[in-house]
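A.B. asks: See protein.cif below, with mmCIF, C-alpha atoms and all ligand atoms.
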```
data_final
#
loop_
_atom_site.label_atom_id
_atom_site.label_comp_id
_atom_site.auth_asym_id
_atom_site.auth_seq_id
_atom_site.Cartn_x
_atom_site.Cartn_y
_atom_site.Cartn_z
CA MET A 554 0.00 0.00 0.00
CA LYS A 555 1.34 3.44 -0.92
CA THR A 556 1.55 6.10 1.75
CA LYS A 557 2.56 9.74 1.96
CA LYS A 558 4.34 11.41 4.87
CA VAL A 559 2.53 14.46 6.16
CA THR A 560 3.59 16.92 8.87
CA ILE A 561 0.88 17.72 11.39
CA GLY A 562 1.97 20.25 14.02
CA SER A 563 5.19 18.80 15.44
CA SER A 564 4.37 15.20 14.34
CA GLU A 565 4.92 13.34 11.12
CA ILE A 566 2.27 10.79 10.14
CA ASP A 567 1.76 8.37 7.25
CA VAL A 568 -1.45 8.74 5.25
CA ALA A 569 -2.57 5.89 2.97
CA LEU A 570 -3.06 6.75 -0.69
CA HIS A 571 -5.93 5.61 -2.88
CA ARG A 572 -6.36 6.32 -6.58
CA GLY A 573 -10.04 6.61 -7.57
CA ALA A 574 -10.77 4.34 -10.54
CA ASN A 575 -12.86 6.95 -12.33
CA TYR A 576 -11.60 10.13 -10.73
CA GLY A 577 -14.34 12.60 -10.00
CA ARG A 578 -17.01 9.91 -10.29
CA SER A 579 -15.93 6.95 -8.15
CA PRO A 580 -16.27 7.08 -4.34
CA LEU A 581 -13.48 8.87 -2.44
CA PHE A 582 -12.67 9.56 1.17
CA TRP A 583 -12.32 13.19 2.30
CA ALA A 584 -11.87 14.82 5.66
CA SER A 585 -15.05 16.74 6.53
CA LEU A 586 -13.83 20.32 6.00
CA GLY A 587 -16.54 22.81 6.87
CA GLU A 588 -16.25 22.62 10.64
CA TYR A 589 -12.61 23.81 10.62
CA PRO A 590 -11.24 27.25 9.59
CA VAL A 591 -9.61 25.86 6.42
CA TYR A 592 -11.62 27.61 3.71
CA ASP A 593 -9.39 28.56 0.80
CA VAL A 594 -10.00 29.87 -2.70
CA ASN A 595 -10.95 26.36 -3.94
CA ALA A 596 -13.42 25.74 -1.13
CA TYR A 597 -15.13 29.10 -1.75
CA ARG A 598 -15.17 28.41 -5.51
CA MET A 599 -16.84 25.06 -4.90
CA MET A 600 -19.56 26.72 -2.79
CA THR A 601 -20.02 29.75 -5.04
CA THR A 602 -20.41 27.54 -8.12
CA ASP A 603 -22.78 25.10 -6.36
CA ARG A 604 -25.98 26.10 -8.18
CA VAL A 605 -28.19 23.74 -6.15
CA ARG A 606 -27.18 25.73 -3.08
CA THR A 607 -26.90 29.27 -4.44
CA SER A 608 -30.21 29.22 -6.35
CA LYS A 609 -32.13 28.39 -3.14
CA TYR A 610 -30.30 31.10 -1.19
CA PHE A 611 -30.75 33.74 -3.91
CA ASN A 612 -34.50 32.98 -4.01
CA ALA A 613 -34.83 33.30 -0.23
CA VAL A 614 -32.78 36.52 -0.12
CA ASN A 615 -34.89 38.03 -2.92
CA LYS A 616 -38.04 37.10 -1.04
CA PHE A 617 -37.17 38.58 2.35
CA VAL A 618 -34.60 41.41 2.28
CA SER A 619 -36.00 44.33 0.27
CA GLY A 620 -35.85 47.51 2.42
CA LYS A 621 -34.54 45.52 5.44
CA VAL A 622 -31.49 45.56 7.66
CA VAL A 623 -29.67 42.27 7.06
CA LEU A 624 -26.98 40.31 8.90
CA ASP A 625 -24.85 37.79 6.98
CA ILE A 626 -22.98 35.49 9.39
CA GLY A 627 -19.90 33.89 7.78
CA THR A 628 -20.00 35.85 4.55
CA GLY A 629 -16.78 34.22 3.25
CA ALA A 630 -14.36 35.69 0.71
CA ASP A 631 -17.05 35.97 -1.97
CA LEU A 632 -19.75 37.84 0.05
CA ASN A 633 -22.41 35.79 -1.74
CA TRP A 634 -25.52 36.55 0.34
CA THR A 635 -24.32 40.07 1.23
CA LEU A 636 -24.06 41.11 -2.41
CA ALA A 637 -27.33 39.34 -3.22
CA SER A 638 -28.99 41.31 -0.39
CA VAL A 639 -27.66 44.63 -1.69
CA GLU A 640 -28.89 43.72 -5.16
CA ALA A 641 -32.31 42.78 -3.77
CA GLY A 642 -32.67 46.23 -2.19
CA ALA A 643 -31.57 45.71 1.44
CA LYS A 644 -31.30 48.98 3.38
CA LYS A 645 -28.04 47.97 5.10
CA VAL A 646 -26.02 44.74 5.39
CA TYR A 647 -23.77 43.75 8.27
CA ALA A 648 -21.43 40.92 7.23
CA ILE A 649 -19.28 38.98 9.71
CA GLU A 650 -16.34 36.72 8.80
CA GLU A 651 -13.98 34.96 11.19
CA ILE A 652 -11.14 33.91 8.84
CA LEU A 653 -8.75 36.86 8.45
CA GLU A 654 -7.69 36.07 4.87
CA SER A 655 -11.32 35.69 3.77
CA TYR A 656 -12.27 38.90 5.58
CA GLU A 657 -9.45 40.77 3.80
CA LYS A 658 -10.53 39.47 0.38
CA ALA A 659 -14.14 40.41 1.10
CA SER A 660 -13.04 43.85 2.31
CA ALA A 661 -11.09 44.51 -0.90
CA LYS A 662 -14.12 43.43 -2.94
CA ILE A 663 -16.43 45.88 -1.12
CA ILE A 664 -14.01 48.74 -1.82
CA ASP A 665 -13.68 47.63 -5.46
CA LEU A 666 -17.45 47.71 -5.86
CA GLY A 667 -17.78 51.04 -4.02
CA LEU A 668 -20.26 49.53 -1.53
CA GLU A 669 -18.68 50.81 1.72
CA ASP A 670 -21.87 52.78 2.57
CA LYS A 671 -24.19 49.80 2.18
CA ILE A 672 -22.05 47.02 3.67
CA SER A 673 -20.44 47.03 7.07
CA LEU A 674 -17.91 44.16 7.20
CA ILE A 675 -16.87 42.94 10.63
CA TYR A 676 -13.88 40.69 11.34
CA GLY A 677 -14.36 38.02 14.01
CA LYS A 678 -16.57 35.21 15.24
CA SER A 679 -20.21 36.25 15.42
CA LEU A 680 -20.27 35.11 19.06
CA GLU A 681 -17.57 37.62 19.96
CA VAL A 682 -18.59 40.77 18.06
CA ASN A 683 -21.34 43.39 18.48
CA LEU A 684 -23.65 45.19 16.05
CA PRO A 685 -24.76 48.84 16.35
CA GLU A 686 -28.44 47.95 15.68
CA LYS A 687 -30.84 44.98 15.54
CA VAL A 688 -31.55 43.36 12.18
CA ASP A 689 -34.73 42.28 10.32
CA VAL A 690 -33.15 39.31 8.51
CA CYS A 691 -30.29 37.00 9.46
CA VAL A 692 -28.83 34.95 6.62
CA SER A 693 -26.08 32.38 7.05
CA GLU A 694 -24.72 29.23 5.54
CA ILE A 695 -22.80 27.63 8.35
CA ILE A 696 -24.50 24.29 7.76
CA GLY A 697 -22.15 21.33 8.06
CA THR A 698 -21.93 17.95 6.36
CA ILE A 699 -23.84 16.94 9.49
CA GLY A 700 -26.27 19.87 9.85
CA SER A 701 -24.94 21.12 13.19
CA SER A 702 -21.23 20.32 12.76
CA GLU A 703 -20.12 23.85 11.77
CA GLY A 704 -21.55 25.26 15.00
CA VAL A 705 -24.80 26.62 13.56
CA CYS A 706 -26.81 25.93 16.74
CA VAL A 707 -24.61 27.96 19.07
CA ALA A 708 -24.05 30.75 16.49
CA LEU A 709 -27.73 31.19 15.52
CA ALA A 710 -29.05 30.94 19.10
CA ASP A 711 -26.67 33.78 19.96
CA ALA A 712 -27.65 35.76 16.85
CA ARG A 713 -31.36 35.36 17.66
CA LYS A 714 -30.77 36.68 21.18
CA ARG A 715 -28.33 39.55 20.54
CA PHE A 716 -28.73 40.68 16.94
CA MET A 717 -32.28 40.06 15.73
CA LYS A 718 -35.54 41.98 16.17
CA PRO A 719 -38.27 39.78 17.75
CA ASP A 720 -40.01 39.13 14.42
CA ALA A 721 -36.83 38.88 12.32
CA VAL A 722 -36.57 36.25 9.59
CA MET A 723 -33.93 33.51 9.74
CA ILE A 724 -32.47 32.10 6.51
CA PRO A 725 -32.12 29.07 6.39
CA GLU A 726 -35.20 27.71 8.16
CA ARG A 727 -34.60 24.01 8.76
CA CYS A 728 -31.93 21.33 8.43
CA ALA A 729 -32.43 17.60 9.01
CA THR A 730 -29.57 15.10 8.97
CA LYS A 731 -30.46 11.69 7.61
CA ILE A 732 -28.74 8.38 8.30
CA ALA A 733 -28.65 4.95 6.62
CA ALA A 734 -26.72 1.72 7.20
CA VAL A 735 -24.11 1.03 4.52
CA MET A 736 -21.48 -1.36 3.24
CA LEU A 737 -18.25 0.36 2.14
CA PRO A 738 -17.76 0.28 -1.63
CA ASP A 739 -15.27 -2.48 -2.56
CA GLU A 740 -12.58 -0.06 -3.77
CA LEU A 741 -12.57 1.86 -0.46
CA TYR A 742 -12.78 -1.34 1.61
CA SER A 743 -9.85 -3.06 -0.06
CA SER A 744 -7.74 0.08 -0.55
CA SER A 745 -8.65 2.66 2.07
CA GLY A 746 -6.80 5.93 1.54
CA PHE A 747 -7.00 9.47 0.22
CA ASP A 748 -6.45 10.59 -3.36
CA ASP A 749 -3.69 13.18 -3.76
CA ARG A 750 -4.85 14.70 -7.05
CA PRO A 751 -6.89 17.92 -7.45
CA PHE A 752 -10.60 17.22 -7.80
CA PRO A 753 -11.98 18.08 -11.29
CA LEU A 754 -13.26 21.67 -11.68
CA VAL A 755 -12.97 22.76 -8.05
CA GLY A 756 -9.30 21.88 -7.42
CA LEU A 757 -9.78 20.57 -3.86
CA ILE A 758 -7.52 17.60 -3.01
CA PRO A 759 -8.90 14.80 -0.76
CA MET A 760 -5.42 14.18 0.73
CA LYS A 761 -4.95 17.90 1.49
CA SER A 762 -8.30 18.00 3.26
CA VAL A 763 -6.80 15.69 5.92
CA GLU A 764 -3.62 17.75 6.25
CA ASP A 765 -5.50 21.06 6.49
CA VAL A 766 -8.05 19.83 9.02
CA MET A 767 -5.48 18.24 11.34
CA ASN A 768 -3.15 21.25 11.09
CA SER A 769 -5.99 23.63 11.93
CA ILE A 770 -6.19 21.84 15.29
CA GLY A 771 -2.43 21.27 15.61
CA TYR A 772 -2.09 17.52 16.20
CA PRO A 773 -3.02 14.24 14.47
CA PHE A 774 -6.53 12.97 15.26
CA ASP A 775 -9.18 10.74 13.70
CA CYS A 776 -10.81 13.41 11.57
CA ARG A 777 -14.45 13.03 10.58
CA LEU A 778 -14.73 11.37 7.15
CA CYS A 779 -16.85 12.10 4.10
CA ILE A 780 -17.33 9.92 1.02
CA SER A 781 -18.19 11.60 -2.27
CA ASP A 782 -20.09 9.67 -4.95
CA PHE A 783 -21.26 6.95 -2.56
CA PRO A 784 -23.06 4.28 -4.63
CA GLN A 785 -26.77 3.71 -3.96
CA THR A 786 -26.19 -0.07 -4.25
CA ASN A 787 -24.16 0.01 -1.03
CA ILE A 788 -27.00 1.41 1.07
CA LEU A 789 -28.37 -1.52 3.07
CA SER A 790 -31.30 0.02 4.95
CA THR A 791 -34.16 2.46 5.08
CA SER A 792 -33.13 5.95 6.20
CA GLY A 793 -33.86 7.77 9.45
CA VAL A 794 -33.35 11.25 10.87
CA ILE A 795 -30.75 11.76 13.61
CA GLU A 796 -30.99 15.53 13.88
CA ASP A 797 -33.75 17.98 12.91
CA LEU A 798 -33.00 21.66 13.47
CA PHE A 799 -35.64 24.40 13.09
CA PHE A 800 -33.90 27.76 13.04
CA ASP A 801 -37.07 29.86 13.29
CA LYS A 802 -37.85 28.28 16.71
CA GLU A 803 -35.83 28.07 19.90
CA ILE A 804 -32.40 26.66 18.97
CA LYS A 805 -30.70 24.49 21.58
CA SER A 806 -27.03 23.60 21.68
CA GLU A 807 -27.65 19.98 22.75
CA TYR A 808 -30.01 17.45 21.23
CA ASN A 809 -30.90 13.80 21.61
CA PHE A 810 -32.57 12.02 18.70
CA GLU A 811 -33.69 8.42 18.31
CA THR A 812 -34.39 6.55 15.13
CA SER A 813 -34.44 3.00 13.82
CA LEU A 814 -33.46 1.58 10.45
CA GLU A 815 -34.69 -1.55 8.76
CA ILE A 816 -32.17 -3.56 6.77
CA THR A 817 -33.56 -3.97 3.26
CA LYS A 818 -30.87 -6.17 1.71
CA PRO A 819 -28.19 -8.56 2.96
CA GLY A 820 -24.60 -7.41 3.22
CA ARG A 821 -21.63 -6.54 5.38
CA LEU A 822 -22.68 -3.67 7.63
CA ASP A 823 -19.62 -1.40 7.93
CA GLY A 824 -21.08 1.85 9.16
CA PHE A 825 -23.48 4.71 8.49
CA LEU A 826 -23.83 7.33 5.80
CA LEU A 827 -25.18 10.72 6.95
CA TRP A 828 -26.39 13.51 4.71
CA ILE A 829 -28.36 16.71 5.01
CA ASN A 830 -31.79 17.86 3.90
CA LEU A 831 -31.69 21.67 4.03
CA TRP A 832 -34.68 23.97 3.63
CA VAL A 833 -33.29 27.46 3.00
CA ASP A 834 -36.91 28.66 2.81
CA LEU A 835 -39.58 26.12 3.79
CA GLU A 836 -41.58 26.95 0.67
CA GLY A 837 -38.55 26.79 -1.63
CA GLY A 838 -37.89 23.04 -1.71
CA VAL A 839 -35.14 20.95 -0.18
CA ILE A 840 -31.41 20.58 -0.83
CA ASP A 841 -30.44 16.91 -0.44
CA SER A 842 -26.68 16.37 -0.14
CA TYR A 843 -26.87 12.70 -1.09
CA ASN A 844 -29.39 12.71 -3.91
CA GLN A 845 -28.15 15.96 -5.48
CA GLN A 846 -24.60 17.00 -6.50
CA THR A 847 -23.77 19.70 -3.95
CA SER A 848 -20.74 21.05 -2.12
CA TRP A 849 -21.71 19.04 1.00
CA ALA A 850 -20.39 15.46 0.77
CA PRO A 851 -22.12 12.77 2.84
CA VAL A 852 -20.37 11.80 6.09
CA TYR A 853 -19.26 8.22 6.78
CA PHE A 854 -19.25 6.86 10.35
CA PRO A 855 -17.17 3.63 10.46
CA ALA A 856 -19.15 2.19 13.37
CA PHE A 857 -18.73 -1.56 12.83
CA GLY A 858 -15.00 -2.30 12.53
CA ASP A 859 -14.50 -5.35 10.34
CA GLY A 860 -18.22 -5.42 9.51
CA VAL A 861 -21.29 -7.29 10.76
CA SER A 862 -23.36 -9.60 8.53
CA VAL A 863 -26.96 -8.44 8.28
CA ILE A 864 -29.99 -9.71 6.40
CA ALA A 865 -33.22 -8.10 5.21
CA GLY A 866 -35.59 -7.53 8.12
CA ASP A 867 -32.87 -6.90 10.73
CA GLU A 868 -33.31 -3.67 12.66
CA ILE A 869 -30.81 -1.09 13.92
CA GLU A 870 -31.75 1.11 16.85
CA ILE A 871 -29.89 4.43 17.04
CA ASN A 872 -29.69 7.02 19.77
CA CYS A 873 -27.68 10.11 18.85
CA GLU A 874 -26.55 12.61 21.45
CA MET A 875 -25.16 15.88 20.11
CA ALA A 876 -23.46 18.41 22.41
CA PRO A 877 -20.77 21.09 21.97
CA SER A 878 -17.18 19.81 22.05
CA SER A 879 -14.54 21.36 24.30
CA ASN A 880 -14.37 24.45 22.02
CA GLY A 881 -17.97 25.25 23.06
CA VAL A 882 -19.24 25.62 19.48
CA ASN A 883 -18.67 22.59 17.21
CA PRO A 884 -20.50 19.49 18.44
CA ASP A 885 -19.36 15.96 19.22
CA TYR A 886 -21.77 13.14 18.35
CA LYS A 887 -22.25 10.04 20.48
CA LEU A 888 -24.21 7.24 18.89
CA ARG A 889 -25.42 4.20 20.80
CA GLY A 890 -27.70 1.37 19.76
CA LYS A 891 -28.51 -2.24 19.02
CA ILE A 892 -28.56 -4.38 15.91
CA LYS A 893 -31.54 -6.69 16.23
CA THR A 894 -30.66 -9.65 14.06
CA THR A 895 -32.06 -13.20 14.02
CA GLY A 896 -32.12 -14.52 17.56
CA ARG A 897 -29.80 -11.94 19.15
CA ASP A 898 -29.18 -8.27 19.84
CA ILE A 899 -25.72 -6.77 19.25
CA GLU A 900 -24.97 -3.59 21.17
CA TRP A 901 -22.79 -1.01 19.42
CA LYS A 902 -21.46 2.49 19.98
CA PHE A 903 -19.66 5.07 17.89
CA ASP A 904 -18.30 8.51 18.80
CA SER A 905 -17.46 11.25 16.32
CA PHE A 906 -15.45 13.98 18.00
CA HIS A 907 -14.61 17.42 16.64
CA GLN A 908 -11.04 17.66 17.90
CA GLU A 909 -10.37 14.99 20.55
CA ARG A 910 -6.76 13.86 20.66
CA ARG A 911 -7.61 10.28 19.60
CA PHE A 912 -5.63 8.85 16.74
CA ARG A 913 -5.77 5.51 14.91
CA GLU A 914 -8.71 4.24 16.99
CA GLY A 915 -10.68 1.60 15.14
CA HIS A 916 -10.12 -0.56 12.12
CA LEU A 917 -10.58 2.02 9.34
CA TYR A 918 -8.48 4.81 10.90
CA LYS A 919 -5.61 2.31 11.37
CA LYS A 920 -5.79 1.59 7.63
CA LEU A 921 -6.02 5.27 6.64
CA PHE A 922 -3.16 6.29 8.92
CA PRO A 923 -0.78 3.30 8.99
CA LEU A 924 2.11 3.26 11.45
CA HIS A 925 5.29 4.97 10.32
CA THR A 926 7.31 3.00 7.78
C1 LIG B 1001 -19.75 27.36 4.47
S1 LIG B 1001 -18.92 28.88 4.36
C2 LIG B 1001 -20.12 29.90 3.58
C3 LIG B 1001 -19.58 31.15 2.92
C4 LIG B 1001 -20.66 32.02 2.27
N1 LIG B 1001 -21.60 32.51 3.24
C5 LIG B 1001 -21.42 31.21 1.25
O1 LIG B 1001 -22.43 30.60 1.63
O2 LIG B 1001 -21.00 31.14 0.09
C6 LIG B 1001 -18.98 29.40 6.02
C7 LIG B 1001 -18.20 30.68 6.31
O3 LIG B 1001 -18.61 31.15 7.57
C8 LIG B 1001 -17.48 31.48 8.36
N2 LIG B 1001 -17.97 31.29 9.74
C9 LIG B 1001 -18.44 30.15 10.29
N3 LIG B 1001 -18.95 30.37 11.51
C10 LIG B 1001 -18.79 31.71 11.74
C11 LIG B 1001 -19.12 32.56 12.83
N4 LIG B 1001 -19.73 32.07 13.94
N5 LIG B 1001 -18.81 33.87 12.76
C12 LIG B 1001 -18.20 34.37 11.64
N6 LIG B 1001 -17.86 33.62 10.58
C13 LIG B 1001 -18.17 32.30 10.62
C14 LIG B 1001 -16.39 30.58 7.86
O4 LIG B 1001 -15.12 31.10 8.12
C15 LIG B 1001 -16.70 30.53 6.36
O5 LIG B 1001 -16.10 31.57 5.68
#
```
As structure tokens, please, write out the structure in this file.
Ligand SMILES: C[S@@+](CC[C@H](N)C(=O)[O-])C[C@H]1O[C@@H](n2cnc3c(N)ncnc32)[C@H](O)[C@@H]1O

C.D. replies:
Amino acid sequence: MKTKKVTIGSSEIDVALHRGANYGRSPLFWASLGEYPVYDVNAYRMMTTDRVRTSKYFNAVNKFVSGKVVLDIGTGADLNWTLASVEAGAKKVYAIEEILESYEKASAKIIDLGLEDKISLIYGKSLEVNLPEKVDVCVSEIIGTIGSSEGVCVALADARKRFMKPDAVMIPERCATKIAAVMLPDELYSSSGFDDRPFPLVGLIPMKSVEDVMNSIGYPFDCRLCISDFPQTNILSTSGVIEDLFFDKEIKSEYNFETSLEITKPGRLDGFLLWINLWVDLEGGVIDSYNQQTSWAPVYFPAFGDGVSVIAGDEIEINCEMAPSSNGVNPDYKLRGKIKTTGRDIEWKFDSFHQERRFREGHLYKKLFPLHT
């Protein structure tokens, strides 16, 4: 197996390499990126050119912002919803961005466009800054590959309390995270690793996603995984919902959801696939990160080590506890449950941490990050 040496903080680790058979169309592992401050020009390009996403946001902005005072949390380098708000006739837009380089690019763009009077750009985390007035509309896209993973619950609860008028509109309105039992595609099971080539059109590199995420925290850890282009044939069960967030109601920072899945075909149960259903505006239709090509890749939870044989009719009970990690914003997820298979129940558990110093725990992470050679 080929590996690449990568420097993470003061450590050097080996990362396994995998070459996708049909690059850009066959399944690939990625580190889940959005919940770390690693947005670069390629990441913003991927989001800005994601028409499934932008068309829903542009429609919602056009519907709600005319003549209003707007807040855009996490405007990014491209100022997408801020500029759309100005175009749609907003009275004033406050835009907040926490990554310095992105803030600086956005700032230069505002000056270039001569929009300094209309847009007030603020550098920092929304939780740590103040606004001079309350707003009528709050727009944000800090929705993770798991709905809450980018810290949307803590950030929007704070925005609702400190920045918004009582009847202010929140965009987006709802995000549900779905879950199904899966068998890893053969190519990722037999050769688990990350591709080190730039992804077609957007230029992001799966291998670099691992390096960037770990370096943003400063030490090696079992980063959350995504799989792009996950084949439908490897989904073994019905789907359930493990998180359902309504942003126009009270937003809590901790949730507990229960669901159960029915196995619909026999196979080797390796783990779970999680993907989002996002309603930017409840009347505007849903964005589905598994069934549509979007900039959110589905998450893979390798919950079952070497795999468990299941047959149609088996049932999987899932309890998912979500609560902020030690940084107070981005959640950890603790899943517990039972596989109810013929004649016996198998208890299982899986934890997905944001930045815990745990490395090479479990079968798959040992394959992805083999010991130094
Ligand atoms: C997924 S990107 C979206 C960028 C842009 N709004 C768009 O949708 O095209 C999220 C952006 O929000 C920023 N961000 C996330 N949480 C934030 C917060 N609480 N305060 C300020 N910026 C935040 C990130 O740095 C990143 O630039």

A.B. asks: Considering only C-alpha atoms and all ligand atoms, tabulate each residue of chain A that lies at most 6 Å from ligand LIG 1001 (chain B) along with its nearest interatomic pair and the corresponding distance in Å to one decimal; arrange the rows by chain and ascending residue number and present them as a Markdown table.

C.D. replies:
```
| residue | atom | partner | partner_atom | distance |
| --- | --- | --- | --- | --- |
| A:Pro590 | CA | B:LIG1001 | O4 | 5.7 |
| A:Met600 | CA | B:LIG1001 | O2 | 5.5 |
| A:Thr601 | CA | B:LIG1001 | O2 | 5.4 |
| A:Ile626 | CA | B:LIG1001 | C12 | 5.4 |
| A:Gly627 | CA | B:LIG1001 | O3 | 3.0 |
| A:Thr628 | CA | B:LIG1001 | N1 | 3.9 |
| A:Gly629 | CA | B:LIG1001 | O5 | 3.7 |
| A:Asn633 | CA | B:LIG1001 | O2 | 5.2 |
| A:Ile649 | CA | B:LIG1001 | C12 | 5.1 |
| A:Glu650 | CA | B:LIG1001 | N6 | 3.9 |
| A:Glu651 | CA | B:LIG1001 | N6 | 4.1 |
| A:Ile652 | CA | B:LIG1001 | O4 | 4.9 |
| A:Gly677 | CA | B:LIG1001 | C12 | 5.8 |
| A:Lys678 | CA | B:LIG1001 | N5 | 3.6 |
| A:Ser679 | CA | B:LIG1001 | N5 | 3.8 |
| A:Leu680 | CA | B:LIG1001 | N4 | 6.0 |
| A:Ser693 | CA | B:LIG1001 | N1 | 5.9 |
| A:Glu694 | CA | B:LIG1001 | O1 | 4.7 |
| A:Ile695 | CA | B:LIG1001 | C6 | 4.8 |
| A:Ala708 | CA | B:LIG1001 | N4 | 5.2 |
```

A.B. asks: Extract, using only C-alpha atoms, all DNA, RNA and protein residues at most 10 Å from region 580-586 of chain A, discarding same-chain residues fewer than 5 positions from it, and format them as JSON, numbers by chain.

C.D. replies: {"A": [571, 572, 573, 574, 575, 591, 592, 596, 697, 698, 699, 702, 703, 737, 738, 739, 740, 741, 745, 746, 747, 748, 757, 758, 759, 760, 761, 762, 763, 764, 765, 766, 767, 775, 776, 777, 778, 779, 780, 781, 782, 783, 784, 849, 850, 851, 852, 853, 921]}

A.B. asks: List the neighbours of Met723 (chain A) out to 8 Å using all atoms listed in the file; skip same-chain residues closer than 3 positions along the sequence, and give me the result as a list in words.

C.D. replies: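 Counting only the stated atoms, we get Val690, Cys691, Val692, Glu726, Phe800 and Asp801 of chain A.
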
A.B. asks: Would you list the contacts of His907 (chain A) as a PyMOL selection string, taking every protein, DNA or RNA residue within 10 Å and counting only C-alpha atoms, but skipping same-chain residues closer than 5 positions in sequence?

C.D. replies: chain A and resi 588-589+702-703+770+774-777+877-880+882-886

A.B. asks: Please determine, counting only C-alpha atoms, which residue among A:Val688, A:Leu798, A:Asp859, A:Val705 has the shortest atom-to-atom distance to Lys920 (chain A).

C.D. replies: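 That would be A:Asp859, the residue with the smallest distance to Lys920 (chain A).
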
A.B. asks: Closest to Ala712 (chain A) among A:Ala569, A:Ile869, A:Val682, A:Met736, using only C-alpha atoms?

C.D. replies: A:Val682

A.B. asks: For CA of Arg713 (chain A) and CA of Thr847 (chain A), quote the distance in Å rounded to one decimal.

C.D. replies: 27.7 Å

A.B. asks: Nearest to Glu874 (chain A) among A:Tyr843, A:Tyr808, A:Phe825, A:Tyr656, with distances taken over all atoms listed in the file: which residue is it?

C.D. replies: A:Tyr808

A.B. asks: Tell me which residues come within 10 Å of (-35.1, 38.8, 4.2), as a PyMOL selection string, counting only C-alpha atoms in the file's coordinates.

C.D. replies: chain A and resi 613-624+638+641+643+688-692+721-724

A.B. asks: For Asp867 (chain A), which residue out of A:Gly771, A:Pro753, A:Gly896, A:Pro923 is the nearest one, using only C-alpha atoms?

C.D. replies: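 Between A:Gly771, A:Pro753, A:Gly896, A:Pro923, the residue approaching Asp867 (chain A) most closely is A:Gly896.
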
A.B. asks: May I ask for the distance between CA of Leu668 (chain A) and CA of Gly642 (chain A), given in Å to one decimal place?

C.D. replies: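 It comes out at 12.9 Å.
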
A.B. asks: With only C-alpha atoms counted and 12 Å as the cut-off, give the residues of region 707-742 of chain A in contact with region 835-842 of chain A, each with its shortest interatomic distance in Å and the pair that gives it, as a tab-separated table.

C.D. replies:
```
residue	atom	partner	partner_atom	distance
A:Met723	CA	A:Leu835	CA	11.0
A:Ile724	CA	A:Leu835	CA	9.7
A:Pro725	CA	A:Leu835	CA	8.4
A:Glu726	CA	A:Leu835	CA	6.4
A:Arg727	CA	A:Leu835	CA	7.3
A:Cys728	CA	A:Val839	CA	9.2
A:Ala729	CA	A:Asp841	CA	9.7
A:Thr730	CA	A:Asp841	CA	9.6
A:Lys731	CA	A:Asp841	CA	9.6
A:Ile732	CA	A:Ser842	CA	11.8
```

A.B. asks: For those residues, write C-alpha atoms to a file as a CSV table (one decimal), keeping the file's coordinate frame.

C.D. replies:
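Listed below is the output, result_32.csv:
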```csv
chain,number,residue,atom,x,y,z
A,723,MET,CA,-33.9,33.5,9.7
A,724,ILE,CA,-32.5,32.1,6.5
A,725,PRO,CA,-32.1,29.1,6.4
A,726,GLU,CA,-35.2,27.7,8.2
A,727,ARG,CA,-34.6,24.0,8.8
A,728,CYS,CA,-31.9,21.3,8.4
A,729,ALA,CA,-32.4,17.6,9.0
A,730,THR,CA,-29.6,15.1,9.0
A,731,LYS,CA,-30.5,11.7,7.6
A,732,ILE,CA,-28.7,8.4,8.3
```

A.B. asks: Between CA of Ile675 (chain A) and CA of Glu640 (chain A), what is the distance in Å, rounded to a tenth?

C.D. replies: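 Going from CA of Ile675 (chain A) over to CA of Glu640 (chain A) covers 19.9 Å.
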
A.B. asks: Set the distance at 6 Å and use only C-alpha atoms: which residues neighbour region 560-567 of chain A once local chain neighbours fewer than 4 positions away are removed? I'd like the list as a short mmCIF file (atom, residue, chain, number, x, y, z; two decimals) with C-alpha atoms, in the coordinates of the input.

C.D. replies:
```cif
data_model
loop_
_atom_site.label_atom_id
_atom_site.label_comp_id
_atom_site.auth_asym_id
_atom_site.auth_seq_id
_atom_site.Cartn_x
_atom_site.Cartn_y
_atom_site.Cartn_z
CA THR A 556 1.55 6.10 1.75
CA ASN A 768 -3.15 21.25 11.09
CA GLY A 771 -2.43 21.27 15.61
CA TYR A 772 -2.09 17.52 16.20
CA PHE A 922 -3.16 6.29 8.92
CA PRO A 923 -0.78 3.30 8.99
CA HIS A 925 5.29 4.97 10.32
#
```

A.B. asks: Edge lengths and centre in Å to one decimal, as AutoDock Vina command-line options, of the axis-aligned box that encloses all listed atoms of region 614-628 of chain A with 6 Å added on every side?

C.D. replies:
```
--center_x -29.0 --center_y 40.7 --center_z 3.2 --size_x 30.1 --size_y 25.6 --size_z 24.3
```
